[in-house]
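*Asks:* Right, I'll just put the structure down here and ask away after.
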Amino acid sequence: MGSVQRPAVVQEAVVQEAVPVPVFRHPQRHPVAVFVRHGMLPIELGIVHRLFGRARSAAGDPLYEVVTCTVAPGEVRTDADVTINVRYGPEALAQARTVIVPASHEADEAYTRGRLPAELAGALAYVRPETRLASICTGAFVLASAGLLDGRPATTHWASGDRFRALFPKVRFDPDVLYVDDGDVLTSAGVASGVDLCLHMIRHDHGSAVANDVARRTVVPPHRDGGQAQFVRRPVPEPAVSTTAKARAWALARLHEPLALRDLAACESMSVRTFTRRFRDEVGMSPGQWLTVQRVERARQLLEDTDLPVDRIATDAGFGTAASLRQHMQAALGVSPSAYRRTFRAESEGAVA
């Protein structure tokens with residue numbers, strides 16, 4: 001993981017020289033700091049604590065320690081009729097290996113490039129260059145205002161996309177994805193995509209088995225690819241109208257088999273045309289695209305969790321041949337199956353708390 005180049009707006013802020021009191025109490029766990037501000041969304045804070053807090057090793061030991069911090073310890077307003085009392089100040093940012101910035105509906109879109117309030121810039125100055133940074137929803141405005149997204153791909157909530165693009169022309173803004181992973185800086189779209197982003201980071205750190213266990217405990221989908229569209233125009237089917245959920249479940253149980261569009265449509269007793277339209281409305285992509293995503297995901301799990309040869313994995317994932325698997329993984333991930341297996345296992349074995 002590369003290091004974040006701290007821009008001038010953050011470099012100029014003064015950080016106190018005093019050695020802070022330790023915030024994180026468990027050195028063997030990966031320290032995660034959630035940096036909240038007035039106007040925060042309680043659900044986004046809960047997402048981070050719930051998902052990272054549920055991650056366990058094979059022995060059942062917690063893998064992360066999560067703390068909440070803010071500019072100055074004390075009461076923080078939310079966008080609801082409650083406040084939260086935050087114990088830690090920005091010193092927690094200096095001790096974290098991952099810092100997550102949720103949205104603030106009260107402040108985010110008021111920020112502009114290089115114009116962060118002095119106290120906020122001063123807090124961000126505590127973040128060490130090697131720290132992984134992530135934002136949820138319009139929390140990306142904070143990172144962009146600090147110059148941390150200049151020249152990088154990033155996203156935010158689709159409804160704020162036009163303003164984000166206008167304010168931060170140096171950012172390679174992608175309005176259509178759920179989240180963007182640019183190594184040491186990650187950004188996500190709306191609230192639900194914060195779930196996807198956190199699971200993605202857990203998976204990167206500790207593998208699909210841990211991430212899937214967290215998803216299962218939290219009763220959320222284990223994986224939605226970051227490139228999936230964030231805004232589906234009809235995400236909820238009309239009352240009394242059949243959905244495509246049964247066909248998707250049927251297909252997931254048979255990824256190793258040839259699956260024709262007419263077979264999927266038959267599961268829902270629909271014509272191919274009606275099924276295709278309704279599938280795209282609900283999922284945000286075509287049935288064929290969705291099947292490819294699921295098969296790549298299946299191949300990734302097998303590469304991570306088993307010693308099966310690539311030919312066997314290609315068959316089990318439904319690609320048929322190793323050549324087809326290589327082609328699809330190269331297109332989706334930019335790496336071959338063997339390179340993915342070597343890289344992922346090296347990262348997992350080298351990971352520390």
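As shown in the structure tokens, the chain order sets the letters A, B, ...; within each chain, residues go from 1, and ligands are also counted from 1 in the order they appear.
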I'd like to know which residues of range 180-324 of chain A are alpha helix (DSSP H) (by DSSP, run on the backbone); could you write them as a ChimeraX atom specification?
*Replies:* /A:191-206,208-218,245-252,261-267,272-283,287-305,310-317,322-324
*Asks:* List as a PyMOL selection string the protein and nucleic acid residues near range 323-332 of chain A, meaning an atom at most 10 Å away when only C-alpha atoms are counted, but skip any in the same chain fewer than 5 places from it.
*Replies:* chain A and resi 225+227+292-293+295-297+299-300+310-311+313-315+317-318+337-338+340
*Asks:* Which of these residues is nearest to Arg152 in chain A, using only C-alpha atoms: A:Thr138, A:Asp307, A:Ala166, A:Val185?
*Replies:*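 Checking each of A:Thr138, A:Asp307, A:Ala166, A:Val185 against Arg152 in chain A, counting only C-alpha atoms, the winner is A:Val185.
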*Asks:* For Val76 in chain A, work out the shell of residues within 7 Å, counting only C-alpha atoms and skipping chain neighbours fewer than 3 positions away, then give it as a PyMOL selection string.
*Replies:* chain A and resi 37-38+83-86
*Asks:* Please compute the CA of Leu197 in chain A-CA of Glu282 in chain A distance, one decimal, in Å.
*Replies:*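 Calculated distance between CA of Leu197 in chain A and CA of Glu282 in chain A is 20.6 Å.
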*Asks:* Pick the closest to Pro62 in chain A from A:Ile43, A:Leu149, A:Val210, A:Val36: which is it, counting only C-alpha atoms?
*Replies:*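 Among A:Ile43, A:Leu149, A:Val210, A:Val36, it is A:Val210 that comes nearest to Pro62 in chain A.
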*Asks:* For Gly89 in chain A, please output as an NGL selection string all residues within 12 Å (counting only C-alpha atoms; exclusion window: fewer than 3 positions along the same chain).
*Replies:* :A and (20-23 or 33-37 or 67-76 or 85-86 or 92-95 or 119-120 or 122-124 or 126)
*Asks:* Residues as selected, N, CA and C atoms, written as a short mmCIF file (atom, residue, chain, number, x, y, z; two decimals), in the first residue's frame, can you do that?
*Replies:*
data_model
loop_
_atom_site.label_atom_id
_atom_site.label_comp_id
_atom_site.auth_asym_id
_atom_site.auth_seq_id
_atom_site.Cartn_x
_atom_site.Cartn_y
_atom_site.Cartn_z
N PRO A 20 0.59 11.72 22.55
CA PRO A 20 -0.78 11.51 22.98
C PRO A 20 -0.93 10.24 23.83
N VAL A 21 -1.94 10.26 24.66
CA VAL A 21 -2.28 9.07 25.43
C VAL A 21 -2.78 8.00 24.47
N PRO A 22 -2.34 6.74 24.61
CA PRO A 22 -2.79 5.70 23.67
C PRO A 22 -4.31 5.60 23.62
N VAL A 23 -4.83 5.60 22.41
CA VAL A 23 -6.28 5.49 22.19
C VAL A 23 -6.67 4.04 21.99
N ALA A 33 -9.96 4.40 12.90
CA ALA A 33 -10.55 5.61 13.48
C ALA A 33 -11.63 6.13 12.55
N VAL A 34 -12.83 6.38 13.11
CA VAL A 34 -13.92 6.98 12.35
C VAL A 34 -13.98 8.45 12.74
N PHE A 35 -13.71 9.32 11.79
CA PHE A 35 -13.62 10.75 12.06
C PHE A 35 -14.96 11.42 11.74
N VAL A 36 -15.71 11.82 12.77
CA VAL A 36 -17.05 12.37 12.58
C VAL A 36 -17.05 13.88 12.80
N ARG A 37 -18.06 14.53 12.23
CA ARG A 37 -18.22 15.97 12.34
C ARG A 37 -19.68 16.30 12.59
N VAL A 67 -12.49 3.04 16.91
CA VAL A 67 -12.83 4.14 17.81
C VAL A 67 -13.38 5.30 16.99
N THR A 68 -14.19 6.11 17.65
CA THR A 68 -14.76 7.31 17.03
C THR A 68 -14.02 8.53 17.55
N CYS A 69 -13.70 9.45 16.66
CA CYS A 69 -13.01 10.67 17.08
C CYS A 69 -13.58 11.85 16.32
N THR A 70 -13.24 13.06 16.78
CA THR A 70 -13.72 14.28 16.17
C THR A 70 -12.70 15.39 16.38
N VAL A 71 -13.00 16.58 15.90
CA VAL A 71 -12.07 17.71 16.00
C VAL A 71 -11.75 18.03 17.45
N ALA A 72 -12.80 18.06 18.29
CA ALA A 72 -12.63 18.33 19.73
C ALA A 72 -13.57 17.42 20.49
N PRO A 73 -13.09 16.62 21.44
CA PRO A 73 -13.95 15.69 22.17
C PRO A 73 -15.18 16.40 22.74
N GLY A 74 -16.29 15.66 22.75
CA GLY A 74 -17.52 16.22 23.30
C GLY A 74 -18.72 15.87 22.45
N GLU A 75 -19.75 16.66 22.56
CA GLU A 75 -21.02 16.38 21.89
C GLU A 75 -20.94 16.74 20.41
N VAL A 76 -21.41 15.82 19.57
CA VAL A 76 -21.43 16.03 18.12
C VAL A 76 -22.87 15.89 17.64
N ASN A 85 -21.85 11.59 22.09
CA ASN A 85 -20.74 12.10 22.89
C ASN A 85 -19.47 11.37 22.48
N VAL A 86 -18.56 12.10 21.86
CA VAL A 86 -17.33 11.50 21.32
C VAL A 86 -16.19 11.72 22.30
N ALA A 92 -6.46 10.38 17.88
CA ALA A 92 -6.75 9.02 17.43
C ALA A 92 -6.33 8.82 15.98
N LEU A 93 -6.39 9.88 15.17
CA LEU A 93 -6.01 9.77 13.76
C LEU A 93 -4.53 9.43 13.61
N ALA A 94 -3.71 9.92 14.54
CA ALA A 94 -2.28 9.66 14.47
C ALA A 94 -1.94 8.22 14.81
N GLN A 95 -2.84 7.53 15.48
CA GLN A 95 -2.57 6.17 15.94
C GLN A 95 -3.28 5.11 15.10
N GLU A 119 -9.56 24.23 11.94
CA GLU A 119 -9.59 23.14 12.92
C GLU A 119 -9.69 21.78 12.24
N LEU A 120 -10.36 21.73 11.10
CA LEU A 120 -10.47 20.46 10.37
C LEU A 120 -9.14 20.12 9.69
N GLY A 122 -6.29 21.08 10.74
CA GLY A 122 -5.39 20.71 11.83
C GLY A 122 -5.60 19.28 12.28
N ALA A 123 -6.87 18.83 12.30
CA ALA A 123 -7.14 17.45 12.69
C ALA A 123 -6.57 16.48 11.66
N LEU A 124 -6.76 16.78 10.38
CA LEU A 124 -6.26 15.89 9.33
C LEU A 124 -4.74 15.82 9.32
N TYR A 126 -2.94 15.19 11.67
CA TYR A 126 -2.52 14.08 12.53
C TYR A 126 -2.39 12.77 11.74
#
